[in-house]
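Peer 1: Okay, handing you the structure first.
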Amino acid sequence: MALPRGGRERARVPGEAEGAEPQPGGGVIRFARSSLRVRVAAGGAVFCGWDGAAPEPSYALAGCPQADARAVLEPDTEGGWRVVSERVTVVVSRHGAVEVRTPGGVLLRRELPPRWWDRTDAGTSGEADGAGPEGGSPGRSRWVQRSEVAADARFFGLGGRAAGPRLRDGSYRLWNTAPGGPDGAGEDRLTMPVQLVVADAGTHLVFHDNSWDGWVTLREGREGAGSGHDRRGACALRLDGGPLRYWVLVGTPARVLMGWTALTGAPLPPPRWAFGAQHALRGDAPRVRRAVAAHREHGLPLAAVHLELGPGARRERAGEVPEGAALPRLTRELLGEGVRAVAVEGPAVRVRAGAREYDGGVAAGAFVRDARGREVRGVAGPGESVFPDFTDPAARAWWGGRSAERWAQGFAGAGHDLAAPVPFAACGEVALERSARHALEGRGGDHREAHNVYALQMARAGQEGAGAARPGERPFAFSRSGWAGLQRYGGVWSADAGADWPGLRASLALVLGLGLCGVPYSGPEVGGGGAAGAELYLRWCQLAAYLPLFRTRDGAGPWGHGAEVLAHVRAALAERERLVPYFATLGQLARLTGAPYVRPVWWRTPHDRALRDCEDAFLLGDALLVAPVLEPGARTRVVRLPRGRWYDTATGRAYDGPGPVRLAAPLSRIPVLARAGAVLPVTGADGTTELEVWAPVTGRNGGGLVVPEDEGAQPEATRFVSWLERGRVVVERQGGGAVGYRVRVRGAGAAEG
């Protein structure tokens, strides 16, 4: 059924300010044709909501933060207003421009007065019209918000973007689509209206809390040469409807991500085994056994297999993964070999009267319906299917119970296979019609608002089901798509970046972009889900070995690319296994601080403009700098180092930054450097955790954090400090006490102390 016609549109701007009403954390400023609520939260986050928009309801927020009681709304010059707080100042002009400034008055971002196009004929939609001080009908108004940033600023974020991590001039759609769809063929897109802007003046994050379809158009600034004028960077956000409300956080990158995590929820750390190698496949039980045996035969570690289940999974001639009693037998058999099973399913439920799954969903009223109350049906996998409405609490509870059955069958994790929140992904963009109705937590609405949060709520339903099935355990879950706040329910598997060298580069961009939007646990499908050549496959494995999620795909494994590739892949996975304690520590730190595992090289020095433009290397935590090979035939790599001393982990040679260095990148490895003074936990030769310490620079302390491995609890981090004393490296637990780990010192000329 088509959407109701909206009738004519009438353009609107706020008009002139007419007064203000102080409130906790700020206040409401009233304009001739709109109103603006400004509220500074206790942690320094700024909320701005036009037309009466409030922070809640919101799918992104973990809870509405308390207002900063010390923030004050006061008159400003020329008829404007300002909200003054300890960490940020918000200046609102007489005509509705909003400036976010540091306490010292440095401008970080300027939002120009917004413009709405209100629908003035409600037609048959049942929605009210009008555009009074509170905006009348924000859900029926499309709008545009234009912004300015510093001339030297660089844009990052907007979710997982193959075009990233730095977002150059162009337009970026805010509508999750299937790979190969009409917008951005070959991209696996997980969109979030989250921008991270880095400039000399400071770093800030802006999040527009609106799930409707739209576009972000970016234009980087240009600094004037000599007596020339600067051209400021610009952003234009256009959305088809929904509220105009946003949050702004300012500070260092680490502080901004910590504030973003406090706002949207702490990331769910995966269990320790989930940092091991994982393999996805489809087919029957013998095929699963053959894949596990092949890994064992060739000396490759394997922590888990991902089994595609349900009507959304494509079938092979070999058959299906068995259901019923045979499935628990298979999961128990795998676990006996030290391999866990992860159930990967889409949202489709096959229409089959009399089937327990379908009849149960009908009884629960769980499926998406159209405006006439009929089930919305489509073809997925082997036949006609319906789709749960994950914006309905009752539907989530039903799906959670269904997910709990998978845990009872012996599965150790869950994957939500949405190429986008598009149940009919094979059809490209067209899936659930935009007129399809959704509960939206009782508010009611259609797919225009629910589309981008569909996968987020599916992940929520699965995680809640896992928590009910196995209380006290840390669940493992990941999704193919999602929205802001997805980190609360697990991580992301980003596939279909393309089985080519640009796809390899896109894999890194996707992981970096997601980390800067608050989703730290993610990884690509090695090989891009296609038949990559030997060198490309090897370089993909070497990159993925240093990313949070390592996932290969059924097909030609490394043994199919020759003995040399197999040996090099085995070495890369052995190094990953050695670093598992470090990955586990980074997972807990992400929970505590929001800092991603994989960080851009400018993370600690955002004022270094050369590093802001570096997109072919990354930091793994604070200790390691990884420089993957992203071009065919390359046997050396130029790496731009941040400030400080760095050791090549393969040769032990020391290099001093900032500046570029050329490093060897033979087929056997990619360049990986360790920060001088770094203390990181690794797996020792006897299988226990030990501390690997890289020799610090004379006169400078180093250090690192270690989180003990405790699957069921939330352990506290322990900090270790390192320094040179009379030519020997000394390592101590901060605050005193025994170190508690074996210490191994590395670095040119270092002596253990």
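Scheme for the structure tokens: letters A, B, ... for chains in order shown; per-chain residue numbers from 1; ligand numbers from 1 in order shown.
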Just want the 6 Å neighbourhood of A:Asp118, counted on only C-alpha atoms, with same-chain residues fewer than 4 positions away dropped. Output as a list in words.
Peer 2: Glu9, Arg10 and Ser141 of chain A
Peer 1: As a ChimeraX atom specification, please: every residue in stretch 500-650 of chain A that a backbone DSSP assignment puts in alpha helix (DSSP H).
Peer 2: /A:501-516,534-544,563-578,580-593,609-612
Peer 1: Please list as a PyMOL selection string every residue within 8 Å of A:Ala371, counting only C-alpha atoms and excluding residues in the same chain fewer than 2 positions away.
Peer 2: chain A and resi 1+369+373-374+435-437
Peer 1: Using N, CA and C atoms, can you write the selected residues to a file as a compact mmCIF listing (two decimals), in the first residue's frame?
Peer 2:
```
# COMPACT_ATOMS: atom_id res chain seq x y z
N MET A 1 0.85 -1.19 0.00
CA MET A 1 0.00 0.00 0.00
C MET A 1 0.88 1.24 0.00
N ARG A 369 3.07 -5.62 9.70
CA ARG A 369 1.82 -5.58 8.96
C ARG A 369 1.72 -4.30 8.15
N GLY A 373 -3.62 -3.96 8.27
CA GLY A 373 -3.50 -5.01 9.26
C GLY A 373 -3.12 -6.36 8.72
N ARG A 374 -2.73 -6.45 7.46
CA ARG A 374 -2.33 -7.72 6.85
C ARG A 374 -0.83 -7.92 7.01
N SER A 435 5.59 2.06 3.53
CA SER A 435 4.29 2.20 4.17
C SER A 435 4.03 1.11 5.20
N ALA A 436 4.90 0.07 5.28
CA ALA A 436 4.71 -0.99 6.26
C ALA A 436 4.68 -0.39 7.67
N ARG A 437 3.77 -0.90 8.49
CA ARG A 437 3.57 -0.32 9.81
C ARG A 437 4.46 -0.99 10.86
```
